[in-house]
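Asker: Here's a structure for you.
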Amino acid sequence: MDMDMEADAPDASDPADETQETYDLITAEYARQNAAAWSNLVEHVSTLTACLPPGGVVADVGCGPGRDIALLRAGGFRVIGIDRSLGQLRTSGLRGVAQADMRQLPLRAGAADAIWCQAALLHIPGTGVPAVLAEFARAVRPGGWLYLSVAEGDGEGFQVASNYGSSRRRWFTFHREPHLAAMLARAGFTVRQVRRDRNQRVWLSIHAQQISEGATCH
């Protein structure tokens, strides 16, 4: 269920700082509530991995406790998990993870066959989203893939994480398909598939490909 949203952001700080602190504190309850992968998520994993070479490299950006890392590794892919919250990374004790900000990924240019970003970009203020998408484009190889899922809607602001038993806040930026698709195009991605999934919120789930002549997946 959506919580009331506070439209004001602190002027002197990055909303991602407070969001990270909140995740550090709610990590155990967050991991418990999100341990099971819902069926549409499994389908998105299958859609993405069908387009990748065997043993390909996938960066799970905003990986949290690592649920999706396990799904991707089960398919034989080499997965690095990246999250800004150290508390989230430590929850499941997974190997092959790194604490980092998605605005500056610890990846060489073209190092990944795909980026998986489930319910993480929504914590970046709207003005910073184009730079993140450009960073994703830098990190994937020509013809590489991006799976991106964000909450559909309008506006941005803090929400209290009361559904995780906390009075702390997380920042949410909501997106609409036309604007997000335009930003992806400017970053060098072609949208190949768009779906709307419902799991507490309505999720705008997009599969996009780094523009490269002749590179497609059916």
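Simple scheme: letters A, B, ... for chains in structure tokens order, numbers from 1 for residues in each chain, numbers from 1 for ligands in the order shown.
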Write out as number ranges by chain the residues lying within 6 Å of Ala112 in chain A, counting only C-alpha atoms and excluding same-chain residues fewer than 2 positions away.
Answerer: A: 57-58, 110, 114, 140
Asker: Kindly give the distance, in Å, that separates CA of Glu152 in chain A and CA of Arg196 in chain A, rounded to a single decimal.
Answerer: 8.4 Å
Asker: Please identify all polymer residues within 10 Å of Thr127 in chain A, counting only C-alpha atoms, omitting same-chain residues fewer than 4 positions from it, and present them as a VMD selection string.
Answerer: chain A and resid 131 to 132 173
Asker: Going by DSSP on the backbone, which bits of range 164-208 of chain A are helix (DSSP H, G or I)? Write them as number ranges by chain, please.
Answerer: A: 164, 177-187
Asker: Could those selected residues go to a file with C-alpha atoms, as a tab-separated table (two decimals), in the first residue's frame?
Answerer:
```tsv
chain	number	residue	atom	x	y	z
A	164	TYR	CA	8.62	-2.15	7.61
A	177	GLU	CA	6.36	5.56	-19.58
A	178	PRO	CA	6.70	8.33	-22.23
A	179	HIS	CA	9.10	10.45	-20.20
A	180	LEU	CA	11.16	7.48	-19.01
A	181	ALA	CA	11.36	6.05	-22.55
A	182	ALA	CA	12.57	9.43	-23.82
A	183	MET	CA	15.29	9.56	-21.16
A	184	LEU	CA	16.36	6.02	-22.03
A	185	ALA	CA	16.60	6.96	-25.71
A	186	ARG	CA	18.79	9.96	-24.89
A	187	ALA	CA	21.06	7.64	-22.89
```
Asker: For Tyr147 in chain A, which of A:Asp197, A:Ala59, A:Ala100, A:Ser212 is the closest residue, counting only C-alpha atoms?
Answerer: A:Ala59
Asker: Quick one: everything within 9 Å of range 77-84 of chain A, counting only C-alpha atoms, minus sequence neighbours fewer than 3 positions away in the same chain. Send it as an MDAnalysis selection string.
Answerer: chainID A and resid 16 20 49 52:64 66 69:70 72:74 87:89 94:102 105:106
Asker: Point out the residue among A:Ser162, A:Ser167, A:Gln210, A:Gln193 with the least atom-to-atom distance to His44 in chain A, counting only C-alpha atoms.
Answerer: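 Of all the options, A:Gln193 lies closest to His44 in chain A.
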Asker: Compare A:Ala119, A:Val191, A:Ala208, A:Cys51 by their minimum atom-to-atom distance to Asn34 in chain A, counting only C-alpha atoms, and give me the closest one.
Answerer: A:Ala119
Asker: Quick one: everything within 9 Å of Arg169 in chain A, counting only C-alpha atoms, minus sequence neighbours fewer than 4 positions away in the same chain. Send it as a PyMOL selection string.
Answerer: chain A and resi 18-19+21-22+158-162
Asker: Please produce an output containing N, CA and C atoms for each residue in the selection, written as a compact mmCIF listing (two decimals), in the first residue's frame.
Answerer:
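Saved result, out24.txt, follows:
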```txt
# COMPACT_ATOMS: atom_id res chain seq x y z
N GLU A 18 19.63 9.86 3.32
CA GLU A 18 18.62 9.44 4.30
C GLU A 18 18.02 8.10 3.91
N THR A 19 17.81 7.88 2.62
CA THR A 19 17.27 6.61 2.15
C THR A 19 18.20 5.46 2.50
N GLU A 21 20.37 5.36 4.97
CA GLU A 21 20.33 5.15 6.42
C GLU A 21 19.08 4.37 6.83
N THR A 22 17.97 4.67 6.16
CA THR A 22 16.74 3.94 6.46
C THR A 22 16.88 2.46 6.11
N PHE A 158 9.57 12.11 0.07
CA PHE A 158 9.84 11.08 1.07
C PHE A 158 8.57 10.35 1.47
N GLN A 159 8.72 9.06 1.75
CA GLN A 159 7.65 8.25 2.32
C GLN A 159 8.20 7.57 3.57
N VAL A 160 7.38 7.50 4.60
CA VAL A 160 7.76 6.81 5.83
C VAL A 160 7.67 5.31 5.61
N ALA A 161 8.68 4.59 6.06
CA ALA A 161 8.75 3.14 5.86
C ALA A 161 7.97 2.40 6.93
N SER A 162 6.72 2.82 7.17
CA SER A 162 5.91 2.22 8.23
C SER A 162 5.57 0.76 7.92
```
Asker: Please provide the set of residues having any atom within 8 Å of Gln209 in chain A, restricted to only C-alpha atoms, with same-chain residues fewer than 2 positions apart removed, written as a ChimeraX atom specification.
Answerer: /A:143-146,189-192,207,211
Asker: Could you turn the residues from that selection into a file that holds C-alpha atoms, as a compact mmCIF listing (two decimals), in the first residue's frame?
Answerer:
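Just written: again-v9.txt:
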```txt
# COMPACT_ATOMS: atom_id res chain seq x y z
CA GLY A 143 24.03 -4.38 -27.73
CA GLY A 144 23.81 -5.09 -23.99
CA TRP A 145 20.62 -5.02 -21.98
CA LEU A 146 18.91 -3.13 -19.19
CA PHE A 189 18.84 2.61 -25.09
CA THR A 190 16.03 1.28 -27.28
CA VAL A 191 12.97 0.08 -25.37
CA ARG A 192 12.12 -3.48 -26.44
CA HIS A 207 13.49 -4.19 -21.03
CA ILE A 211 21.71 0.63 -29.39
```
